[in-house]
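**Student:** Below is the file query-v9.csv, which contains CSV, C-alpha atoms.
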```csv
chain,number,residue,atom,x,y,z
A,1,MET,CA,-40.2,-99.8,-39.5
A,2,PRO,CA,-41.6,-96.3,-38.9
A,3,ALA,CA,-45.0,-97.2,-37.5
A,4,PRO,CA,-47.1,-95.9,-34.5
A,5,LEU,CA,-47.1,-98.2,-31.5
A,6,ARG,CA,-50.9,-98.6,-31.7
A,7,ASP,CA,-50.4,-100.3,-35.0
A,8,VAL,CA,-47.8,-102.8,-33.7
A,9,PRO,CA,-49.6,-106.1,-32.8
A,10,GLN,CA,-47.4,-106.7,-29.7
A,11,SER,CA,-46.9,-105.5,-26.1
A,12,VAL,CA,-44.2,-102.8,-26.3
A,13,THR,CA,-43.0,-100.4,-23.6
A,14,VAL,CA,-40.8,-97.4,-24.4
A,15,VAL,CA,-38.7,-95.9,-21.7
A,16,THR,CA,-37.8,-92.4,-22.9
A,17,ARG,CA,-34.7,-90.3,-22.2
A,18,GLN,CA,-36.8,-87.9,-20.1
A,19,GLN,CA,-38.0,-90.8,-17.9
A,20,MET,CA,-34.4,-92.0,-17.4
A,21,ASP,CA,-33.4,-88.4,-16.4
A,22,ASP,CA,-36.4,-88.0,-14.0
A,23,GLN,CA,-35.7,-91.3,-12.3
A,24,SER,CA,-31.8,-91.0,-12.3
A,25,ILE,CA,-31.6,-94.3,-14.2
A,26,THR,CA,-28.1,-95.6,-14.8
A,27,SER,CA,-28.6,-99.3,-15.5
A,28,MET,CA,-30.7,-101.7,-17.5
A,29,ALA,CA,-32.2,-103.1,-14.3
A,30,ASP,CA,-33.4,-99.5,-13.5
A,31,VAL,CA,-34.8,-99.1,-17.0
A,32,VAL,CA,-37.3,-102.0,-16.6
A,33,ARG,CA,-38.1,-101.3,-12.9
A,34,TYR,CA,-41.6,-100.1,-13.9
A,35,VAL,CA,-42.1,-102.2,-17.0
A,36,PRO,CA,-44.8,-104.8,-16.5
A,37,ARG,CA,-43.8,-108.5,-16.5
A,38,VAL,CA,-40.1,-107.8,-16.8
A,39,VAL,CA,-37.6,-108.1,-13.9
A,40,PHE,CA,-33.9,-108.5,-13.6
A,41,ALA,CA,-32.1,-111.4,-11.9
A,42,GLN,CA,-28.7,-111.0,-10.1
A,43,GLY,CA,-26.7,-112.3,-13.0
A,44,GLU,CA,-24.0,-113.7,-10.6
A,45,GLY,CA,-22.8,-110.1,-10.1
A,46,ASN,CA,-21.3,-109.8,-13.6
A,47,ARG,CA,-24.0,-109.4,-16.2
A,48,ASP,CA,-27.5,-108.0,-17.1
A,49,THR,CA,-30.1,-110.9,-16.8
A,50,PRO,CA,-33.6,-109.8,-17.7
A,51,ILE,CA,-36.5,-112.2,-17.1
A,52,PHE,CA,-39.4,-111.9,-19.5
A,53,HIS,CA,-42.6,-113.7,-18.4
A,54,GLY,CA,-40.4,-116.2,-16.4
A,55,ASN,CA,-37.9,-116.7,-19.2
A,56,ALA,CA,-34.4,-115.6,-18.2
A,57,SER,CA,-32.0,-114.4,-21.0
A,58,THR,CA,-28.7,-112.7,-21.4
A,59,ALA,CA,-28.8,-112.7,-25.2
A,60,ASP,CA,-31.9,-110.8,-26.2
A,61,PHE,CA,-30.3,-107.4,-26.1
A,62,PHE,CA,-30.1,-105.2,-29.2
A,63,VAL,CA,-28.7,-101.8,-29.9
A,64,ASP,CA,-30.2,-99.8,-32.8
A,65,GLY,CA,-31.9,-103.0,-33.9
A,66,MET,CA,-28.7,-105.1,-34.1
A,67,ARG,CA,-27.8,-107.9,-31.7
A,68,ASP,CA,-25.7,-107.1,-28.6
A,69,ASP,CA,-25.6,-110.5,-26.9
A,70,VAL,CA,-22.4,-110.5,-24.8
A,71,GLN,CA,-22.9,-110.9,-21.1
A,72,TYR,CA,-22.0,-107.6,-19.4
A,73,TYR,CA,-23.5,-104.6,-17.6
A,74,ARG,CA,-24.8,-101.9,-20.0
A,75,ASP,CA,-25.1,-98.2,-19.2
A,76,VAL,CA,-27.6,-95.7,-20.5
A,77,TYR,CA,-25.3,-92.6,-20.8
A,78,ASN,CA,-25.6,-92.7,-24.6
A,79,ILE,CA,-29.1,-93.9,-25.0
A,80,GLU,CA,-32.1,-91.9,-26.3
A,81,ARG,CA,-34.7,-94.5,-25.4
A,82,ALA,CA,-35.1,-98.2,-24.6
A,83,GLU,CA,-37.8,-100.3,-26.3
A,84,VAL,CA,-39.0,-103.4,-24.4
A,85,LEU,CA,-40.9,-105.9,-26.6
A,86,LYS,CA,-42.7,-108.5,-24.5
A,87,GLY,CA,-44.3,-111.9,-25.1
A,88,PRO,CA,-43.4,-114.9,-27.3
A,89,ASN,CA,-44.1,-113.0,-30.5
A,90,ALA,CA,-41.0,-110.9,-29.7
A,91,MET,CA,-39.4,-113.7,-31.6
A,92,SER,CA,-40.4,-111.8,-34.7
A,93,PHE,CA,-37.8,-109.2,-33.8
A,94,CYS,CA,-34.9,-111.6,-34.4
A,95,ARG,CA,-33.7,-115.1,-33.5
A,96,GLY,CA,-34.4,-115.9,-29.9
A,97,GLY,CA,-36.7,-113.5,-28.1
A,98,VAL,CA,-38.9,-116.3,-26.7
A,99,GLY,CA,-40.0,-114.1,-23.8
A,100,GLY,CA,-39.0,-110.6,-25.0
A,101,VAL,CA,-36.2,-108.4,-26.2
A,102,ILE,CA,-34.7,-105.0,-25.1
A,103,ASN,CA,-33.5,-102.6,-27.8
A,104,ARG,CA,-31.4,-99.6,-26.9
A,105,VAL,CA,-31.7,-96.7,-29.3
A,106,THR,CA,-28.5,-94.6,-29.2
A,107,ARG,CA,-28.2,-90.8,-29.2
A,108,GLN,CA,-27.3,-89.5,-32.7
A,109,THR,CA,-26.4,-86.1,-34.1
A,110,ASN,CA,-29.4,-84.0,-35.1
A,111,TRP,CA,-28.0,-80.6,-36.0
A,112,ARG,CA,-29.3,-79.1,-32.7
A,113,ARG,CA,-26.9,-77.4,-30.3
A,114,ILE,CA,-26.6,-79.6,-27.2
A,115,GLY,CA,-24.7,-78.9,-24.1
A,116,GLU,CA,-25.3,-81.0,-21.0
A,117,VAL,CA,-23.1,-82.0,-18.0
A,118,LYS,CA,-24.4,-84.0,-15.1
A,119,LEU,CA,-22.6,-84.8,-11.8
A,120,GLU,CA,-23.9,-87.1,-9.1
A,121,VAL,CA,-22.8,-87.7,-5.6
A,122,GLY,CA,-24.6,-90.1,-3.3
A,123,SER,CA,-24.4,-92.6,-0.5
A,124,ASP,CA,-22.0,-95.5,-0.5
A,125,ASP,CA,-19.3,-93.3,-2.1
A,126,HIS,CA,-21.3,-92.9,-5.3
A,127,HIS,CA,-19.7,-90.5,-7.8
A,128,ARG,CA,-20.8,-90.3,-11.4
A,129,GLY,CA,-20.5,-87.8,-14.2
A,130,THR,CA,-21.9,-87.7,-17.8
A,131,PHE,CA,-21.8,-85.2,-20.6
A,132,ASP,CA,-23.6,-84.8,-23.9
A,133,LEU,CA,-22.3,-82.2,-26.4
A,134,GLY,CA,-23.6,-81.7,-30.0
A,135,GLN,CA,-23.3,-79.1,-32.7
A,136,GLY,CA,-24.1,-78.7,-36.4
A,137,ILE,CA,-20.9,-77.7,-38.2
A,138,ASN,CA,-22.9,-76.5,-41.3
A,139,ASP,CA,-26.1,-77.6,-43.0
A,140,LYS,CA,-24.3,-80.8,-44.3
A,141,ALA,CA,-22.4,-82.1,-41.2
A,142,ALA,CA,-23.0,-82.4,-37.5
A,143,LEU,CA,-21.1,-83.9,-34.5
A,144,ARG,CA,-22.1,-85.2,-31.1
A,145,LEU,CA,-20.1,-86.6,-28.2
A,146,THR,CA,-21.4,-88.4,-25.1
A,147,GLY,CA,-19.3,-89.6,-22.2
A,148,LEU,CA,-19.3,-91.2,-18.8
A,149,TYR,CA,-17.2,-91.8,-15.8
A,150,GLN,CA,-18.4,-93.4,-12.6
A,151,ASN,CA,-16.6,-94.5,-9.4
A,152,SER,CA,-18.8,-95.9,-6.7
A,153,GLY,CA,-18.7,-98.0,-3.6
A,154,SER,CA,-21.5,-100.3,-2.3
A,155,TYR,CA,-23.3,-101.2,0.9
A,156,ARG,CA,-21.5,-104.5,0.6
A,157,ASP,CA,-18.0,-104.6,2.2
A,158,GLY,CA,-15.2,-104.7,-0.3
A,159,VAL,CA,-17.4,-104.0,-3.4
A,160,ASP,CA,-16.8,-101.1,-5.7
A,161,TYR,CA,-17.6,-100.2,-9.3
A,162,GLU,CA,-15.9,-98.1,-12.0
A,163,ARG,CA,-17.2,-97.3,-15.5
A,164,ARG,CA,-15.8,-95.3,-18.4
A,165,GLY,CA,-17.5,-94.7,-21.7
A,166,VAL,CA,-17.2,-92.4,-24.7
A,167,ASN,CA,-19.3,-92.3,-27.8
A,168,PRO,CA,-18.6,-89.8,-30.6
A,169,THR,CA,-21.0,-89.7,-33.6
A,170,ALA,CA,-21.2,-87.7,-36.8
A,171,SER,CA,-23.9,-87.2,-39.5
A,172,PHE,CA,-23.5,-86.0,-43.1
A,173,LEU,CA,-26.1,-85.1,-45.7
A,174,VAL,CA,-25.2,-86.1,-49.2
A,175,GLY,CA,-27.4,-84.3,-51.7
A,176,GLU,CA,-31.0,-83.8,-50.7
A,177,ALA,CA,-32.0,-87.4,-50.0
A,178,THR,CA,-29.1,-89.3,-48.4
A,179,GLN,CA,-27.9,-89.2,-44.8
A,180,ILE,CA,-24.8,-91.0,-43.4
A,181,GLN,CA,-24.3,-91.6,-39.7
A,182,ILE,CA,-21.2,-93.0,-38.2
A,183,GLY,CA,-20.3,-93.6,-34.6
A,184,TYR,CA,-17.8,-95.3,-32.3
A,185,GLU,CA,-18.2,-96.4,-28.7
A,186,HIS,CA,-15.6,-97.4,-26.2
A,187,PHE,CA,-17.0,-98.7,-22.9
A,188,GLU,CA,-15.4,-100.3,-19.8
A,189,ASP,CA,-17.0,-101.7,-16.7
A,190,GLU,CA,-14.8,-102.9,-13.8
A,191,ARG,CA,-16.3,-104.1,-10.6
A,192,VAL,CA,-16.2,-106.7,-7.8
A,193,ALA,CA,-18.6,-109.5,-8.6
A,194,ASP,CA,-21.1,-109.4,-5.8
A,195,ARG,CA,-23.0,-112.7,-5.6
A,196,GLY,CA,-25.1,-111.5,-2.6
A,197,ILE,CA,-25.9,-113.7,0.4
A,198,PRO,CA,-26.8,-117.4,0.4
A,199,SER,CA,-30.3,-118.8,1.0
A,200,TYR,CA,-31.3,-120.9,4.0
A,201,GLN,CA,-34.5,-123.0,4.0
A,202,GLY,CA,-35.9,-121.1,1.0
A,203,ARG,CA,-35.2,-117.6,2.4
A,204,ALA,CA,-32.3,-115.2,2.4
A,205,LEU,CA,-29.9,-116.0,5.2
A,206,LEU,CA,-30.2,-113.6,8.1
A,207,THR,CA,-27.0,-111.7,8.2
A,208,GLY,CA,-25.7,-108.2,8.0
A,209,ARG,CA,-26.4,-106.5,4.7
A,210,SER,CA,-22.8,-105.5,4.4
A,211,THR,CA,-21.4,-109.0,4.8
A,212,PHE,CA,-19.4,-110.4,1.8
A,213,PHE,CA,-19.4,-114.1,1.5
A,214,GLY,CA,-16.2,-115.3,-0.2
A,215,ASP,CA,-13.4,-113.0,-1.2
A,216,PRO,CA,-14.0,-109.6,-2.9
A,217,ASP,CA,-10.3,-109.1,-3.6
A,218,ARG,CA,-10.3,-112.2,-5.8
A,219,SER,CA,-13.7,-111.6,-7.4
A,220,PRO,CA,-13.0,-109.1,-10.2
A,221,THR,CA,-15.1,-108.4,-13.3
A,222,ASP,CA,-13.7,-106.5,-16.3
A,223,SER,CA,-15.8,-105.9,-19.4
A,224,ARG,CA,-14.7,-103.9,-22.5
A,225,VAL,CA,-16.6,-103.0,-25.6
A,226,ASP,CA,-15.3,-101.3,-28.8
A,227,ALA,CA,-18.0,-100.9,-31.4
A,228,VAL,CA,-18.2,-99.0,-34.8
A,229,ASN,CA,-21.6,-98.3,-36.4
A,230,LEU,CA,-22.4,-97.0,-39.9
A,231,ALA,CA,-25.8,-96.2,-41.2
A,232,ILE,CA,-26.8,-94.9,-44.6
A,233,GLU,CA,-30.4,-93.9,-45.4
A,234,HIS,CA,-31.7,-92.8,-48.8
A,235,SER,CA,-35.2,-91.5,-49.5
A,236,VAL,CA,-36.2,-92.5,-53.0
A,237,SER,CA,-39.5,-90.6,-52.6
A,238,ASP,CA,-41.8,-89.5,-49.8
A,239,ASP,CA,-43.1,-93.0,-49.6
A,240,LEU,CA,-40.1,-95.2,-50.3
A,241,SER,CA,-36.8,-95.3,-48.4
A,242,ILE,CA,-33.8,-97.6,-48.2
A,243,ARG,CA,-31.5,-98.0,-45.1
A,244,ASN,CA,-28.3,-100.0,-44.6
A,245,ARG,CA,-26.7,-100.4,-41.2
A,246,THR,CA,-23.4,-102.1,-40.3
A,247,ARG,CA,-22.1,-102.8,-36.8
A,248,TYR,CA,-18.7,-104.2,-35.9
A,249,ALA,CA,-18.1,-104.9,-32.2
A,250,ASP,CA,-15.2,-106.3,-30.3
A,251,TYR,CA,-16.1,-107.6,-26.8
A,252,SER,CA,-13.8,-108.9,-24.1
A,253,LYS,CA,-14.9,-110.0,-20.6
A,254,PHE,CA,-13.2,-111.6,-17.7
A,255,TYR,CA,-14.8,-112.4,-14.3
A,256,GLN,CA,-13.8,-114.4,-11.3
A,257,ASN,CA,-16.0,-115.5,-8.4
A,258,VAL,CA,-15.1,-116.7,-4.9
A,259,PHE,CA,-18.7,-117.2,-3.8
A,260,PRO,CA,-21.0,-118.9,-1.3
A,261,GLY,CA,-23.1,-122.0,-1.8
A,262,ALA,CA,-25.3,-124.1,0.6
A,263,VAL,CA,-25.7,-123.3,4.3
A,264,ASN,CA,-25.7,-126.4,6.6
A,265,THR,CA,-28.9,-127.3,8.5
A,266,ALA,CA,-27.6,-125.9,11.7
A,267,ARG,CA,-26.9,-122.6,10.0
A,268,THR,CA,-23.3,-122.6,11.3
A,269,THR,CA,-21.3,-123.1,8.1
A,270,VAL,CA,-21.5,-122.1,4.4
A,271,VAL,CA,-19.8,-123.7,1.4
A,272,ILE,CA,-17.3,-121.5,-0.6
A,273,SER,CA,-16.3,-122.3,-4.2
A,274,ALA,CA,-14.4,-120.4,-6.9
A,275,TYR,CA,-14.0,-120.2,-10.7
A,276,ASN,CA,-13.2,-117.8,-13.5
A,277,ASN,CA,-14.3,-117.3,-17.1
A,278,ASP,CA,-12.8,-115.4,-20.0
A,279,THR,CA,-14.8,-114.5,-23.1
A,280,ALA,CA,-13.7,-112.7,-26.3
A,281,ARG,CA,-16.2,-112.1,-29.1
A,282,GLU,CA,-16.1,-110.3,-32.5
A,283,THR,CA,-19.4,-109.5,-34.2
A,284,LEU,CA,-20.1,-108.1,-37.6
A,285,ILE,CA,-23.7,-107.4,-38.7
A,286,ASN,CA,-25.1,-105.8,-41.8
A,287,GLN,CA,-28.8,-105.0,-42.3
A,288,THR,CA,-30.6,-103.6,-45.3
A,289,ASP,CA,-34.2,-102.4,-44.9
A,290,LEU,CA,-36.7,-101.1,-47.5
A,291,ASN,CA,-39.7,-99.2,-46.2
A,292,TYR,CA,-42.6,-98.5,-48.6
A,293,ARG,CA,-45.8,-96.7,-47.7
A,294,PHE,CA,-49.0,-97.0,-49.8
A,295,ALA,CA,-52.7,-96.6,-49.5
A,296,THR,CA,-55.7,-98.8,-50.5
A,297,GLY,CA,-58.9,-96.9,-50.0
A,298,ALA,CA,-59.1,-95.7,-46.4
A,299,LEU,CA,-56.2,-97.9,-45.2
A,300,THR,CA,-52.6,-96.8,-45.1
A,301,HIS,CA,-50.0,-99.7,-45.4
A,302,THR,CA,-46.4,-99.7,-44.4
A,303,LEU,CA,-44.3,-102.5,-45.9
A,304,LEU,CA,-40.9,-103.5,-44.6
A,305,ALA,CA,-38.6,-105.9,-46.6
A,306,GLY,CA,-35.1,-106.6,-45.5
A,307,MET,CA,-32.1,-108.8,-45.1
A,308,GLU,CA,-29.5,-109.4,-42.3
A,309,LEU,CA,-26.1,-110.9,-42.6
A,310,SER,CA,-23.9,-111.6,-39.6
A,311,ARG,CA,-20.8,-113.3,-38.5
A,312,GLN,CA,-19.8,-113.9,-34.8
A,313,GLU,CA,-16.5,-115.4,-33.6
A,314,THR,CA,-16.2,-116.4,-29.9
A,315,ASP,CA,-13.5,-117.8,-27.7
A,316,ASN,CA,-14.4,-118.9,-24.2
A,317,PHE,CA,-12.1,-120.2,-21.4
A,318,ARG,CA,-13.0,-121.3,-17.9
A,319,GLU,CA,-11.0,-122.4,-14.9
A,320,THR,CA,-12.0,-123.9,-11.5
A,321,GLY,CA,-10.6,-122.7,-8.2
A,322,TYR,CA,-8.8,-125.3,-6.0
A,323,PHE,CA,-8.2,-124.8,-2.3
A,324,THR,CA,-4.7,-126.3,-2.3
A,325,ALA,CA,-4.1,-125.7,1.4
A,326,VAL,CA,-6.8,-128.3,2.1
A,327,GLY,CA,-6.1,-130.6,-0.8
A,328,ALA,CA,-4.7,-130.6,-4.3
A,329,ASN,CA,-8.1,-131.4,-5.8
A,330,THR,CA,-10.4,-129.7,-3.3
A,331,THR,CA,-12.9,-127.4,-5.0
A,332,SER,CA,-14.9,-126.1,-2.0
A,333,ILE,CA,-14.5,-125.5,1.7
A,334,ASN,CA,-16.8,-124.9,4.6
A,335,VAL,CA,-16.4,-121.7,6.6
A,336,PRO,CA,-18.3,-120.2,9.6
A,337,VAL,CA,-21.4,-118.3,8.7
A,338,GLY,CA,-20.4,-115.7,11.2
A,339,SER,CA,-17.0,-115.1,9.4
A,340,PRO,CA,-17.6,-116.0,5.7
A,341,ARG,CA,-14.9,-113.7,4.2
A,342,ILE,CA,-11.8,-115.8,3.3
A,343,SER,CA,-8.2,-115.3,2.4
A,344,VAL,CA,-6.9,-118.9,2.0
A,345,PRO,CA,-4.8,-119.8,-1.0
A,346,ILE,CA,-6.7,-120.6,-4.2
A,347,THR,CA,-5.2,-122.0,-7.4
A,348,PHE,CA,-7.1,-121.6,-10.7
A,349,ARG,CA,-6.7,-124.3,-13.3
A,350,GLN,CA,-8.8,-126.2,-15.8
A,351,ALA,CA,-11.0,-129.1,-14.7
A,352,ALA,CA,-12.0,-131.8,-17.2
A,353,SER,CA,-15.4,-130.2,-17.7
A,354,ASP,CA,-14.2,-126.6,-18.0
A,355,ALA,CA,-14.8,-124.8,-21.3
A,356,ASP,CA,-12.0,-124.1,-23.8
A,357,ASN,CA,-14.0,-123.3,-26.9
A,358,HIS,CA,-13.7,-121.5,-30.2
A,359,GLY,CA,-16.9,-121.0,-32.3
A,360,VAL,CA,-18.0,-119.2,-35.4
A,361,ALA,CA,-21.7,-118.5,-36.1
A,362,LYS,CA,-22.9,-117.2,-39.5
A,363,SER,CA,-26.4,-116.2,-40.4
A,364,ILE,CA,-28.3,-114.9,-43.3
A,365,ALA,CA,-32.0,-113.9,-42.9
A,366,GLY,CA,-34.7,-112.2,-44.8
A,367,TYR,CA,-37.9,-110.7,-43.4
A,368,LEU,CA,-41.1,-109.2,-44.7
A,369,CYS,CA,-43.6,-107.3,-42.6
A,370,ARG,CA,-46.7,-105.1,-43.1
A,371,THR,CA,-48.7,-102.9,-40.8
A,372,ARG,CA,-51.9,-100.9,-41.7
A,373,SER,CA,-53.8,-98.1,-40.1
A,374,THR,CA,-56.8,-95.9,-40.9
```
As structure tokens, please, write out the structure in this file.

**Tutor:**
Amino acid sequence: MPAPLRDVPQSVTVVTRQQMDDQSITSMADVVRYVPRVVFAQGEGNRDTPIFHGNASTADFFVDGMRDDVQYYRDVYNIERAEVLKGPNAMSFCRGGVGGVINRVTRQTNWRRIGEVKLEVGSDDHHRGTFDLGQGINDKAALRLTGLYQNSGSYRDGVDYERRGVNPTASFLVGEATQIQIGYEHFEDERVADRGIPSYQGRALLTGRSTFFGDPDRSPTDSRVDAVNLAIEHSVSDDLSIRNRTRYADYSKFYQNVFPGAVNTARTTVVISAYNNDTARETLINQTDLNYRFATGALTHTLLAGMELSRQETDNFRETGYFTAVGANTTSINVPVGSPRISVPITFRQAASDADNHGVAKSIAGYLCRTRST
């Protein structure tokens, strides 16, 4: 709802586009770097994992107020601001949200002429370019296009990252009181899953920062997102408006880890294991909001009433890595701490406990909320 932050009975931090540019922010972990009581975990080198007040979650992400709960690394090239809602009452934002939620607000057409190109070059073979172009065609239509390409290395041996994204949007005015916005995003993130270094007696193992434990050549991560968004807003009067939003998103993600486990007490060997996981998800969400503003005496009230309908279909498939050179059913090996990068044969196949799931989740929800101010 359109309400000042001071009237929202919740802890909310807004990270603006200007702050992202000033700090050269490119990831969600960087977005929350200076947000109190929110940190990011490693996410096994393949996903964003925020921790709100000690509660880790990969599902409490939203984009333009609609759920974006697939496990992948997000970028900020097409983001106008990020809203971080903290505390258990973040549950009021949507299902889940026990510790908090992060909502990304995307860049939309606004009839202003926009022309921006950014190029970055940095250490560890970092190369990144983004652009943001916008133009009003006439007083009834406007276009905007944002894009991204990144190809970077890492301080870790054998690790690299590649990202590609494009997000065209268009806005149309129908009459004097109705606006239609439509957008499409295609985003890809390909990288080596870097699980970091193992722990020893409760601390990080003392080793070179560039050391890779496992096999980077067989630890790929590939995430792809195709999403279409449609928003229609109609102003009935200065105090009453109706908005409908629809989002269809097709996600696919594959990742494979050849990664370290426990270090022995003598600090001479480390356990290496492997697995992979493939997830495909289609999400369709429709939201309808009615905002009404009215006054009683010296108080101004904003009333929000709405409904959300959603359908989510998910397929998930997992395989375990077997070190067949050691034994047909061997799922882990011990290698020297001083030489933890391996190249031994690994066969991936399903174990009895590995997932091979198909699920469909449907939801219908109504909500009513009121704020007031003087």

**Student:** I'd like the interatomic distance between CA of Arg33 in chain A and CA of Lys86 in chain A, to a tenth of an Å.

**Tutor:**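 We find that CA of Arg33 in chain A and CA of Lys86 in chain A lie 14.4 Å from each other.
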
**Student:** Using all atoms listed in the file for the distances, tell me which of A:Thr302, A:Leu133, A:Ala249, A:Asn46 is nearest to Ala193 in chain A.

**Tutor:**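 Looking only at the distances to Ala193 in chain A, the closest residue turns out to be A:Asn46.
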
**Student:** Counting only C-alpha atoms, figure out which residue out of A:Asp356, A:Ala325, A:Asn291, A:Gly214 gets nearest to Pro340 in chain A.

**Tutor:** A:Gly214

**Student:** Can you measure CA of Val326 in chain A to CA of Thr265 in chain A for me? One decimal in Å is fine.

**Tutor:**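 About the pair CA of Val326 in chain A and CA of Thr265 in chain A: they are 23.0 Å apart.
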
**Student:** Using all atoms listed in the file, can you tell me which of A:Gly183, A:Gly153, A:Pro198, A:Pro216 comes closest to Ser171 in chain A?

**Tutor:**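 Smallest separation from Ser171 in chain A among the options: A:Gly183.
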
**Student:** Quick one: pull the distance between CA of Leu303 in chain A and CA of Thr371 in chain A, Å, one decimal.

**Tutor:** 6.7 Å

**Student:** From the options A:Leu290, A:Thr324, A:Phe212, A:Arg370, which residue's atoms come nearest to Val337 in chain A, counting only C-alpha atoms?

**Tutor:**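 Looking only at the distances to Val337 in chain A, the closest residue turns out to be A:Phe212.
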
**Student:** Between A:Thr268, A:Glu282, A:Val166, A:Gly134, which is the closest to Thr207 in chain A once you count all atoms listed in the file?

**Tutor:**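 Selected residue with least distance to Thr207 in chain A: A:Thr268.
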
**Student:** For range 330-333 of chain A, list every protein, DNA or RNA residue within 8 Å, evaluated using all atoms listed in the file, and leave out those in the same chain fewer than 3 positions away; present the list as a PyMOL selection string.

**Tutor:** chain A and resi 271-274+320-324+326-327

**Student:** Can you pull out every residue within 12 Å of Arg112 in chain A, counting all atoms listed in the file, but drop anything in the same chain fewer than 6 positions away, and send it as an MDAnalysis selection string?

**Tutor:** chainID A and resid 132:139 141:144 171

**Student:** Can you tell me, as a ChimeraX atom specification, which residues sit within 9 Å of (-51.4, -106.9, -36.3) in the file's frame, using all atoms listed in the file?

**Tutor:** /A:7-10,370-372

**Student:** Could you tell me which of A:Gly359, A:Pro260, A:Gly208, A:Gly175 comes closest to His234 in chain A if we count all atoms listed in the file?

**Tutor:**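 Residue with the minimum atom-to-atom distance to His234 in chain A: A:Gly175.
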
**Student:** Can you list, as a ChimeraX atom specification, every protein, DNA or RNA residue that comes within 6 Å of His126 in chain A when you count only C-alpha atoms, leaving out same-chain residues fewer than 4 positions away?

**Tutor:** /A:121-122,152-153

**Student:** Just want the 12 Å neighbourhood of Asp30 in chain A, counted on all atoms listed in the file, with same-chain residues fewer than 2 positions away dropped. Output as a list of chain:residue names.

**Tutor:**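 Once the adjacent positions are removed, what remains is A:Val15, A:Gln19, A:Met20, A:Asp21, A:Asp22, A:Gln23, A:Ser24, A:Ile25, A:Thr26, A:Ser27, A:Met28, A:Val32, A:Arg33, A:Tyr34, A:Val35, A:Val38, A:Val39, A:Phe40, A:Asp48, A:Pro50, A:Tyr73, A:Arg74, A:Asp75, A:Val76, A:Ala82.
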
**Student:** Write the selection just made, keeping C-alpha atoms, as an mmCIF file, in the frame of the given file?

**Tutor:**
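The resulting file, selection-v7.cif, is shown below:
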```cif
data_model
loop_
_atom_site.group_PDB
_atom_site.id
_atom_site.type_symbol
_atom_site.label_atom_id
_atom_site.label_comp_id
_atom_site.auth_asym_id
_atom_site.auth_seq_id
_atom_site.Cartn_x
_atom_site.Cartn_y
_atom_site.Cartn_z
ATOM 1 C CA VAL A 15 -38.700 -95.900 -21.700
ATOM 2 C CA GLN A 19 -38.000 -90.800 -17.900
ATOM 3 C CA MET A 20 -34.400 -92.000 -17.400
ATOM 4 C CA ASP A 21 -33.400 -88.400 -16.400
ATOM 5 C CA ASP A 22 -36.400 -88.000 -14.000
ATOM 6 C CA GLN A 23 -35.700 -91.300 -12.300
ATOM 7 C CA SER A 24 -31.800 -91.000 -12.300
ATOM 8 C CA ILE A 25 -31.600 -94.300 -14.200
ATOM 9 C CA THR A 26 -28.100 -95.600 -14.800
ATOM 10 C CA SER A 27 -28.600 -99.300 -15.500
ATOM 11 C CA MET A 28 -30.700 -101.700 -17.500
ATOM 12 C CA VAL A 32 -37.300 -102.000 -16.600
ATOM 13 C CA ARG A 33 -38.100 -101.300 -12.900
ATOM 14 C CA TYR A 34 -41.600 -100.100 -13.900
ATOM 15 C CA VAL A 35 -42.100 -102.200 -17.000
ATOM 16 C CA VAL A 38 -40.100 -107.800 -16.800
ATOM 17 C CA VAL A 39 -37.600 -108.100 -13.900
ATOM 18 C CA PHE A 40 -33.900 -108.500 -13.600
ATOM 19 C CA ASP A 48 -27.500 -108.000 -17.100
ATOM 20 C CA PRO A 50 -33.600 -109.800 -17.700
ATOM 21 C CA TYR A 73 -23.500 -104.600 -17.600
ATOM 22 C CA ARG A 74 -24.800 -101.900 -20.000
ATOM 23 C CA ASP A 75 -25.100 -98.200 -19.200
ATOM 24 C CA VAL A 76 -27.600 -95.700 -20.500
ATOM 25 C CA ALA A 82 -35.100 -98.200 -24.600
#
```

**Student:** Using all atoms listed in the file, which protein or nucleic acid residues come within 10 Å of Ser241 in chain A? Drop anything in the same chain fewer than 2 positions from it, and give the result as a ChimeraX atom specification.

**Tutor:** /A:177-178,233-239,243,289-293,304

**Student:** Can range 188-194 of chain A be brought up to N, CA and C atoms and written out as an mmCIF file, in the frame of the given file?

**Tutor:**
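The new file out.cif reads:
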```cif
data_model
loop_
_atom_site.group_PDB
_atom_site.id
_atom_site.type_symbol
_atom_site.label_atom_id
_atom_site.label_comp_id
_atom_site.auth_asym_id
_atom_site.auth_seq_id
_atom_site.Cartn_x
_atom_site.Cartn_y
_atom_site.Cartn_z
ATOM 1 N N GLU A 188 -16.052 -99.372 -20.776
ATOM 2 C CA GLU A 188 -15.400 -100.300 -19.800
ATOM 3 C C GLU A 188 -16.220 -100.324 -18.547
ATOM 4 N N ASP A 189 -16.331 -101.513 -17.987
ATOM 5 C CA ASP A 189 -17.000 -101.700 -16.700
ATOM 6 C C ASP A 189 -16.137 -102.620 -15.848
ATOM 7 N N GLU A 190 -15.622 -102.086 -14.749
ATOM 8 C CA GLU A 190 -14.800 -102.900 -13.800
ATOM 9 C C GLU A 190 -15.471 -102.834 -12.460
ATOM 10 N N ARG A 191 -15.592 -104.006 -11.845
ATOM 11 C CA ARG A 191 -16.300 -104.100 -10.600
ATOM 12 C C ARG A 191 -15.894 -105.352 -9.834
ATOM 13 N N VAL A 192 -16.304 -105.419 -8.580
ATOM 14 C CA VAL A 192 -16.200 -106.700 -7.800
ATOM 15 C C VAL A 192 -17.504 -107.418 -8.010
ATOM 16 N N ALA A 193 -17.398 -108.685 -8.364
ATOM 17 C CA ALA A 193 -18.600 -109.500 -8.600
ATOM 18 C C ALA A 193 -19.240 -109.809 -7.234
ATOM 19 N N ASP A 194 -20.379 -109.215 -7.000
ATOM 20 C CA ASP A 194 -21.100 -109.400 -5.800
ATOM 21 C C ASP A 194 -22.220 -110.423 -5.966
#
```
